[in-house]
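**Student:** Just so it is clear, I am handing over model.csv, which has CSV, C-alpha atoms and all ligand atoms.
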```
chain,number,residue,atom,x,y,z
A,792,MET,CA,-1.0,-1.1,-20.2
A,793,HIS,CA,0.5,-0.1,-16.8
A,794,ASN,CA,2.7,-2.7,-15.1
A,795,VAL,CA,1.7,-2.8,-11.4
A,796,VAL,CA,3.2,-4.3,-8.2
A,797,PHE,CA,0.8,-4.1,-5.2
A,798,VAL,CA,2.7,-3.5,-2.0
A,799,LEU,CA,0.8,-4.7,1.1
A,800,GLY,CA,1.5,-5.2,4.8
A,801,PRO,CA,0.4,-3.9,8.2
A,802,PRO,CA,0.8,-0.2,9.0
A,803,GLY,CA,4.4,0.3,10.0
A,804,SER,CA,5.7,-2.8,8.1
A,805,GLY,CA,7.9,-0.5,6.0
A,806,LYS,CA,5.9,-0.3,2.7
A,807,GLY,CA,6.8,3.4,2.1
A,808,THR,CA,10.5,3.0,3.1
A,809,ILE,CA,11.1,0.0,0.9
A,810,CYS,CA,9.1,1.5,-2.0
A,811,ALA,CA,11.3,4.6,-1.9
A,812,LYS,CA,14.4,2.4,-2.3
A,813,ILE,CA,12.8,0.4,-5.1
A,814,GLN,CA,11.9,3.6,-6.9
A,815,GLU,CA,15.4,5.0,-6.4
A,816,ASN,CA,17.2,1.9,-7.7
A,817,LEU,CA,14.9,-0.3,-9.9
A,818,GLY,CA,13.1,2.3,-12.0
A,819,TYR,CA,9.5,1.8,-10.7
A,820,VAL,CA,7.4,4.7,-9.7
A,821,HIS,CA,6.1,4.7,-6.1
A,822,LEU,CA,2.4,5.6,-5.7
A,823,SER,CA,1.3,5.5,-2.1
A,824,ALA,CA,-2.5,5.4,-1.9
A,825,GLY,CA,-2.3,6.9,1.6
A,826,ASP,CA,-0.1,9.8,0.4
A,827,LEU,CA,-2.5,10.4,-2.6
A,828,LEU,CA,-5.5,10.5,-0.2
A,829,ARG,CA,-3.7,12.9,2.2
A,830,ALA,CA,-2.9,15.2,-0.7
A,831,GLU,CA,-6.5,15.1,-1.9
A,832,ARG,CA,-7.6,15.8,1.7
A,833,GLN,CA,-5.5,19.0,1.6
A,834,ARG,CA,-6.4,20.0,-2.0
A,835,GLU,CA,-8.2,23.4,-2.2
A,836,GLY,CA,-11.8,22.8,-3.2
A,837,SER,CA,-11.7,19.0,-2.8
A,838,GLU,CA,-15.2,17.6,-2.1
A,839,PHE,CA,-13.7,14.6,-0.4
A,840,GLY,CA,-11.5,16.2,2.2
A,841,ALA,CA,-13.7,15.7,5.3
A,842,LEU,CA,-14.6,12.1,4.2
A,843,ILE,CA,-11.0,11.2,3.7
A,844,GLU,CA,-10.0,12.6,7.1
A,845,GLN,CA,-12.8,10.8,8.9
A,846,HIS,CA,-11.6,7.4,7.4
A,847,ILE,CA,-8.0,8.1,8.1
A,848,ARG,CA,-8.6,8.9,11.8
A,849,ASN,CA,-11.0,6.0,12.1
A,850,GLY,CA,-8.6,3.6,10.4
A,851,SER,CA,-11.3,2.6,7.9
A,852,ILE,CA,-11.0,2.5,4.1
A,853,VAL,CA,-12.1,5.3,1.8
A,854,PRO,CA,-14.5,4.2,-1.0
A,855,VAL,CA,-12.5,2.8,-3.9
A,856,GLU,CA,-14.1,5.3,-6.4
A,857,ILE,CA,-12.0,8.1,-4.8
A,858,THR,CA,-8.8,6.1,-4.3
A,859,CYS,CA,-8.7,4.3,-7.6
A,860,ALA,CA,-9.3,7.6,-9.5
A,861,LEU,CA,-6.4,9.1,-7.8
A,862,LEU,CA,-4.2,6.1,-8.6
A,863,GLU,CA,-5.2,6.0,-12.3
A,864,ASN,CA,-4.7,9.7,-12.6
A,865,ALA,CA,-1.2,9.5,-11.1
A,866,MET,CA,-0.3,6.6,-13.4
A,867,ASN,CA,-1.6,8.4,-16.5
A,868,ASN,CA,0.4,11.4,-15.5
A,869,SER,CA,3.7,9.5,-14.9
A,870,GLY,CA,4.8,9.1,-18.5
A,871,ASP,CA,6.0,5.7,-19.6
A,872,ALA,CA,7.3,4.3,-16.3
A,873,LYS,CA,8.7,0.8,-16.2
A,874,GLY,CA,6.1,0.0,-13.7
A,875,PHE,CA,4.2,1.3,-10.6
A,876,LEU,CA,4.5,0.3,-7.0
A,877,VAL,CA,1.0,0.7,-5.7
A,878,ASP,CA,1.6,1.0,-2.0
A,879,GLY,CA,-1.2,0.3,0.5
A,880,PHE,CA,-3.8,-0.9,-2.1
A,881,PRO,CA,-6.0,-2.9,-2.5
A,882,ARG,CA,-6.8,-2.8,1.3
A,883,ASN,CA,-10.3,-4.4,1.2
A,884,GLU,CA,-12.8,-6.2,-1.0
A,885,ASP,CA,-14.3,-2.8,-2.2
A,886,ASN,CA,-10.8,-1.8,-3.3
A,887,LEU,CA,-10.2,-5.1,-5.1
A,888,GLN,CA,-13.6,-5.1,-6.9
A,889,GLY,CA,-13.3,-1.4,-7.8
A,890,TRP,CA,-9.8,-1.9,-9.2
A,891,ASN,CA,-10.9,-4.9,-11.3
A,892,LYS,CA,-13.9,-2.9,-12.6
A,893,GLN,CA,-11.9,0.3,-13.3
A,894,MET,CA,-8.5,-1.0,-14.3
A,895,THR,CA,-9.0,-4.2,-16.2
A,896,GLY,CA,-7.4,-3.7,-19.6
A,897,LYS,CA,-5.5,-0.7,-18.4
A,898,ALA,CA,-3.2,-2.3,-15.8
A,899,LEU,CA,-1.5,-5.7,-15.3
A,900,VAL,CA,-0.6,-6.8,-11.8
A,901,GLN,CA,2.8,-8.5,-11.9
A,902,PHE,CA,2.8,-9.7,-8.3
A,903,VAL,CA,2.0,-8.6,-4.7
A,904,LEU,CA,4.9,-7.7,-2.5
A,905,PHE,CA,3.8,-8.6,1.0
A,906,LEU,CA,5.9,-7.1,3.9
A,907,SER,CA,5.0,-9.2,6.9
A,908,CYS,CA,5.9,-7.9,10.4
A,909,PRO,CA,4.7,-8.6,13.9
A,910,VAL,CA,2.1,-6.0,15.0
A,911,PRO,CA,3.8,-4.8,18.2
A,912,ILE,CA,6.9,-3.9,16.1
A,913,CYS,CA,4.6,-2.2,13.5
A,914,ILE,CA,2.8,-0.1,16.2
A,915,GLN,CA,6.1,1.0,17.8
A,916,ARG,CA,7.4,2.1,14.4
A,917,CYS,CA,4.3,4.1,13.6
A,918,LEU,CA,4.3,5.8,17.1
A,919,ASN,CA,8.0,6.7,16.4
A,920,ARG,CA,7.4,7.7,12.8
A,921,GLY,CA,7.3,11.5,13.6
A,922,GLN,CA,5.5,12.6,10.4
A,923,GLY,CA,2.8,14.3,12.4
A,924,ARG,CA,0.1,12.1,11.0
A,925,THR,CA,-3.4,12.2,12.5
A,926,ASP,CA,-3.5,8.4,12.5
A,927,ASP,CA,-0.2,7.6,14.2
A,928,ASN,CA,-1.7,7.4,17.7
A,929,GLU,CA,-2.7,4.4,19.9
A,930,GLU,CA,-6.5,4.8,19.2
A,931,SER,CA,-6.2,5.0,15.4
A,932,LEU,CA,-3.5,2.4,15.3
A,933,LYS,CA,-5.8,-0.1,17.2
A,934,LYS,CA,-8.5,0.4,14.5
A,935,ARG,CA,-6.0,0.3,11.6
A,936,VAL,CA,-4.6,-3.0,12.8
A,937,GLU,CA,-8.1,-4.4,13.2
A,938,THR,CA,-8.9,-3.2,9.6
A,939,TYR,CA,-5.7,-4.8,8.4
A,940,ASN,CA,-6.5,-8.1,10.1
A,941,ARG,CA,-10.2,-8.3,9.1
A,942,GLN,CA,-10.2,-6.7,5.7
A,943,THR,CA,-6.7,-6.5,4.2
A,944,PHE,CA,-5.2,-9.8,5.1
A,945,PRO,CA,-8.0,-11.6,3.3
A,946,ILE,CA,-7.0,-9.7,0.1
A,947,ILE,CA,-3.4,-11.0,0.5
A,948,GLU,CA,-4.9,-14.5,0.9
A,949,HIS,CA,-6.9,-14.0,-2.3
A,950,PHE,CA,-3.7,-13.2,-4.2
A,951,GLU,CA,-1.8,-16.0,-2.5
A,952,LYS,CA,-4.4,-18.5,-3.9
A,953,ASN,CA,-3.5,-17.1,-7.4
A,954,GLY,CA,0.3,-17.6,-6.7
A,955,LEU,CA,0.9,-13.9,-6.9
A,956,VAL,CA,2.2,-13.1,-3.4
A,957,ARG,CA,6.0,-12.6,-2.7
A,958,GLU,CA,6.4,-12.4,1.1
A,959,VAL,CA,9.4,-10.7,2.6
A,960,LYS,CA,9.8,-10.8,6.4
A,961,SER,CA,10.1,-7.2,7.5
A,962,GLU,CA,11.0,-7.1,11.2
A,963,ARG,CA,14.6,-7.1,10.1
A,964,SER,CA,16.9,-4.1,9.1
A,965,VAL,CA,16.0,-2.1,6.0
A,966,GLU,CA,19.1,-3.4,4.3
A,967,GLU,CA,18.3,-7.1,4.9
A,968,ILE,CA,14.7,-6.6,3.7
A,969,TYR,CA,15.7,-4.7,0.7
A,970,ALA,CA,18.3,-7.3,-0.4
A,971,ASP,CA,15.4,-9.9,-0.4
A,972,VAL,CA,13.2,-7.4,-2.3
A,973,VAL,CA,15.8,-6.9,-5.0
A,974,GLU,CA,15.9,-10.7,-5.5
A,975,VAL,CA,12.1,-10.8,-5.8
A,976,PHE,CA,12.2,-8.2,-8.6
A,977,ASN,CA,15.1,-10.0,-10.3
A,978,GLN,CA,13.1,-13.3,-10.3
A,979,ALA,CA,10.0,-11.5,-11.6
A,980,ALA,CA,12.1,-9.9,-14.4
A,981,LYS,CA,13.1,-13.5,-15.6
A,982,VAL,CA,9.5,-14.6,-16.1
B,1001,LIG,N1,13.1,-2.3,8.7
B,1001,LIG,C1,12.9,-1.3,9.5
B,1001,LIG,N2,13.5,-1.2,10.7
B,1001,LIG,C2,13.2,-0.2,11.5
B,1001,LIG,N3,12.4,0.9,11.2
B,1001,LIG,C3,11.8,0.9,10.0
B,1001,LIG,C4,12.0,-0.2,9.1
B,1001,LIG,N4,11.3,0.1,8.0
B,1001,LIG,C5,10.6,1.3,8.2
B,1001,LIG,N5,11.0,1.7,9.4
B,1001,LIG,C6,10.5,3.0,10.0
B,1001,LIG,O1,9.2,2.7,10.5
B,1001,LIG,C7,8.2,3.7,10.2
B,1001,LIG,C8,7.1,3.2,9.3
B,1001,LIG,O2,7.8,2.9,8.0
B,1001,LIG,P1,6.9,3.1,6.7
B,1001,LIG,O3,7.8,2.8,5.5
B,1001,LIG,O4,6.2,4.4,6.7
B,1001,LIG,O5,5.8,1.9,6.8
B,1001,LIG,P2,4.4,1.8,6.2
B,1001,LIG,O6,4.4,2.6,4.9
B,1001,LIG,O7,4.2,0.3,6.0
B,1001,LIG,O8,3.4,2.3,7.2
B,1001,LIG,C9,9.1,4.8,9.6
B,1001,LIG,O9,9.4,5.8,10.6
B,1001,LIG,C10,10.3,4.1,9.1
B,1001,LIG,O10,11.4,5.0,9.1
B,1002,LIG,N1,-6.3,1.9,-0.2
B,1002,LIG,C1,-6.3,2.8,0.8
B,1002,LIG,C2,-5.0,3.2,1.4
B,1002,LIG,C3,-5.1,4.1,2.5
B,1002,LIG,N2,-6.3,4.5,2.9
B,1002,LIG,C4,-6.4,5.4,4.1
B,1002,LIG,C5,-6.7,4.5,5.3
B,1002,LIG,C6,-5.4,4.2,5.9
B,1002,LIG,O1,-5.4,3.9,7.2
B,1002,LIG,C7,-4.7,5.6,5.7
B,1002,LIG,C8,-3.2,5.5,5.7
B,1002,LIG,O2,-2.7,4.6,4.7
B,1002,LIG,P1,-1.1,4.5,4.5
B,1002,LIG,O3,-0.9,3.4,3.5
B,1002,LIG,O4,-0.5,5.8,4.3
B,1002,LIG,O5,-0.8,3.9,6.0
B,1002,LIG,P2,0.6,3.1,6.3
B,1002,LIG,O6,1.6,3.6,5.4
B,1002,LIG,O7,0.2,1.7,6.1
B,1002,LIG,O8,0.8,3.5,7.8
B,1002,LIG,O9,-5.2,6.0,4.4
B,1002,LIG,C9,-7.5,4.1,2.3
B,1002,LIG,O10,-8.6,4.5,2.8
B,1002,LIG,N3,-7.5,3.2,1.3
B,1003,MG,MG,3.1,3.9,4.2
```
Let me see whether you can do it: turn the structure in this file into structure tokens.
Ligand SMILES: Nc1ncnc2c1ncn2[C@@H]1O[C@H](COP(=O)(O)OP(=O)(O)O)[C@@H](O)[C@H]1O
Ligand SMILES: Nc1ccn([C@H]2C[C@H](O)[C@@H](COP(=O)(O)OP(=O)(O)O)O2)c(=O)n1
Ligand SMILES: [Mg+2]

**Tutor:**
Amino acid sequence: MHNVVFVLGPPGSGKGTICAKIQENLGYVHLSAGDLLRAERQREGSEFGALIEQHIRNGSIVPVEITCALLENAMNNSGDAKGFLVDGFPRNEDNLQGWNKQMTGKALVQFVLFLSCPVPICIQRCLNRGQGRTDDNEESLKKRVETYNRQTFPIIEHFEKNGLVREVKSERSVEEIYADVVEVFNQAAKV
């Protein structure tokens, strides 16, 4: 049974940055759904490359059958990790239903780390990210933020109803955010 922490928040809220620090210090393995999709997009012979690129540019969400298979495969190939930080997933109802269908009995969601951050700050961070991504531009970001507001935030609200959300305000410095995140994991370890 894989232990899983979902990491959600608007684009540019710092999910990848904070997950890298958790992985470095707390023994969890960081799996970014976006990174896995970008790797699949580039993979020689992938039948999903064009579809993935279209969704990424459009700020829309790739069908869960593709994304969840990549996540399950990555977890199964990671040995006996303490747990997995599943970054940027589930991003919509299709993701959530697909996860429940495919991963029930195989993975246990401990909690959802929600990095909340005002959108203007998020957009500026993405525009300054400098990773050469095809979706870090004004047009794609507008669509990604709309997708987050309309499709992803309701998923966070779903988990909130089940008492699983741990919100950390993320407009602050990385150090301040990470100090609060460590406390969240410490509290979770006591349960
Ligand atoms: N707390 C922060 N303060 C300032 N810049 C940040 C902070 N967290 C992340 N960044 C920067 O903002 C950009 C987006 O961060 P990232 O971790 O990729 O966010 P996400 O995965 O949520 O899109 C990166 O260039 C990162 O270095
Ligand atoms: N569960 C997911 C996660 C990402 N994607 C696609 C659509 C997203 O806009 C892009 C980029 O996701 P990523 O998590 O890397 O983006 P941010 O780190 O939030 O800036 O990938 C997806 O289709 N389904
Ligand atoms: Mg990211």

**Student:** Which chains and residue numbers are within 7 Å of ligand LIG 1002 (chain B), counting only C-alpha atoms and all ligand atoms, if I want them as a CSV table (one decimal) with C-alpha atoms, in the coordinates of the input?

**Tutor:**
```
chain,number,residue,atom,x,y,z
A,801,PRO,CA,0.4,-3.9,8.2
A,802,PRO,CA,0.8,-0.2,9.0
A,803,GLY,CA,4.4,0.3,10.0
A,806,LYS,CA,5.9,-0.3,2.7
A,807,GLY,CA,6.8,3.4,2.1
A,823,SER,CA,1.3,5.5,-2.1
A,824,ALA,CA,-2.5,5.4,-1.9
A,825,GLY,CA,-2.3,6.9,1.6
A,826,ASP,CA,-0.1,9.8,0.4
A,828,LEU,CA,-5.5,10.5,-0.2
A,846,HIS,CA,-11.6,7.4,7.4
A,847,ILE,CA,-8.0,8.1,8.1
A,850,GLY,CA,-8.6,3.6,10.4
A,851,SER,CA,-11.3,2.6,7.9
A,852,ILE,CA,-11.0,2.5,4.1
A,853,VAL,CA,-12.1,5.3,1.8
A,858,THR,CA,-8.8,6.1,-4.3
A,878,ASP,CA,1.6,1.0,-2.0
A,879,GLY,CA,-1.2,0.3,0.5
A,880,PHE,CA,-3.8,-0.9,-2.1
A,881,PRO,CA,-6.0,-2.9,-2.5
A,882,ARG,CA,-6.8,-2.8,1.3
A,886,ASN,CA,-10.8,-1.8,-3.3
A,917,CYS,CA,4.3,4.1,13.6
A,935,ARG,CA,-6.0,0.3,11.6
```

**Student:** Pick from A:Val795, A:Cys859, A:Leu827, A:Val982: nearest to Gln888 in chain A, with all atoms listed in the file counted?

**Tutor:** A:Cys859

**Student:** With all atoms listed in the file as the counted atoms, please give the residues lying no more than 8 Å from Glu831 in chain A, apart from itself and same-chain residues fewer than 5 positions off, as a PyMOL selection string.

**Tutor:** chain A and resi 837+839-840

**Student:** Please provide the set of residues having any atom within 9 Å of Val936 in chain A, restricted to all atoms listed in the file, with same-chain residues fewer than 3 positions apart removed, written as a PDB file with C-alpha atoms, in the coordinates of the input.

**Tutor:**
```
ATOM      1  CA  PRO A 801       0.400  -3.900   8.200  1.00  0.00           C
ATOM      2  CA  PRO A 802       0.800  -0.200   9.000  1.00  0.00           C
ATOM      3  CA  GLY A 850      -8.600   3.600  10.400  1.00  0.00           C
ATOM      4  CA  VAL A 910       2.100  -6.000  15.000  1.00  0.00           C
ATOM      5  CA  ILE A 914       2.800  -0.100  16.200  1.00  0.00           C
ATOM      6  CA  SER A 931      -6.200   5.000  15.400  1.00  0.00           C
ATOM      7  CA  LEU A 932      -3.500   2.400  15.300  1.00  0.00           C
ATOM      8  CA  LYS A 933      -5.800  -0.100  17.200  1.00  0.00           C
ATOM      9  CA  TYR A 939      -5.700  -4.800   8.400  1.00  0.00           C
ATOM     10  CA  ASN A 940      -6.500  -8.100  10.100  1.00  0.00           C
ATOM     11  CA  ARG A 941     -10.200  -8.300   9.100  1.00  0.00           C
TER      12      ARG A 941
END
```

**Student:** Here is a test: counting only C-alpha atoms and all ligand atoms, which residue of A:Ala841, A:Val900, A:Val877, A:Val796 is nearest to ligand MG 1003 (chain B)?

**Tutor:**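 So, comparing all the options, the nearest one is A:Val877.
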
**Student:** Nearest residue to Ala872 in chain A out of A:Leu817, A:Leu906, A:Val972, A:Leu799, using all atoms listed in the file?

**Tutor:**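 Checking each of A:Leu817, A:Leu906, A:Val972, A:Leu799 against Ala872 in chain A, counting all atoms listed in the file, the winner is A:Leu817.
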
**Student:** Separation of atom P2 of ligand LIG 1001 (chain B) and CA of Cys913 in chain A, in Å?

**Tutor:**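 If I compute the distance from atom P2 of ligand LIG 1001 (chain B) to CA of Cys913 in chain A, I get 8.3 Å.
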
**Student:** Considering all atoms listed in the file, can you say which of A:Glu856, A:Glu951, A:Asp871, A:Glu966 comes closest to ligand LIG 1001 (chain B)?

**Tutor:** A:Glu966

**Student:** Find the spatial neighbours of Glu974 in chain A, counting only C-alpha atoms, within a cut-off of 12 Å - ignore same-chain residues fewer than 3 positions away - and output them as a PyMOL selection string.

**Tutor:** chain A and resi 813+817+904+957-959+967-971+977-981

**Student:** Would you mind telling me which residue in A:Gly818, A:Gly954, A:Pro909, A:Gly836 lies nearest to ligand LIG 1001 (chain B) when using all atoms listed in the file?

**Tutor:**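 Comparing A:Gly818, A:Gly954, A:Pro909, A:Gly836 against ligand LIG 1001 (chain B), the winner is A:Pro909.
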
**Student:** Taking into account only C-alpha atoms, which residue in the set A:Asn849, A:Gln893, A:Gln915, A:Asn953 is nearest to Leu861 in chain A?

**Tutor:**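 Under the stated criterion, the closest residue is A:Gln893.
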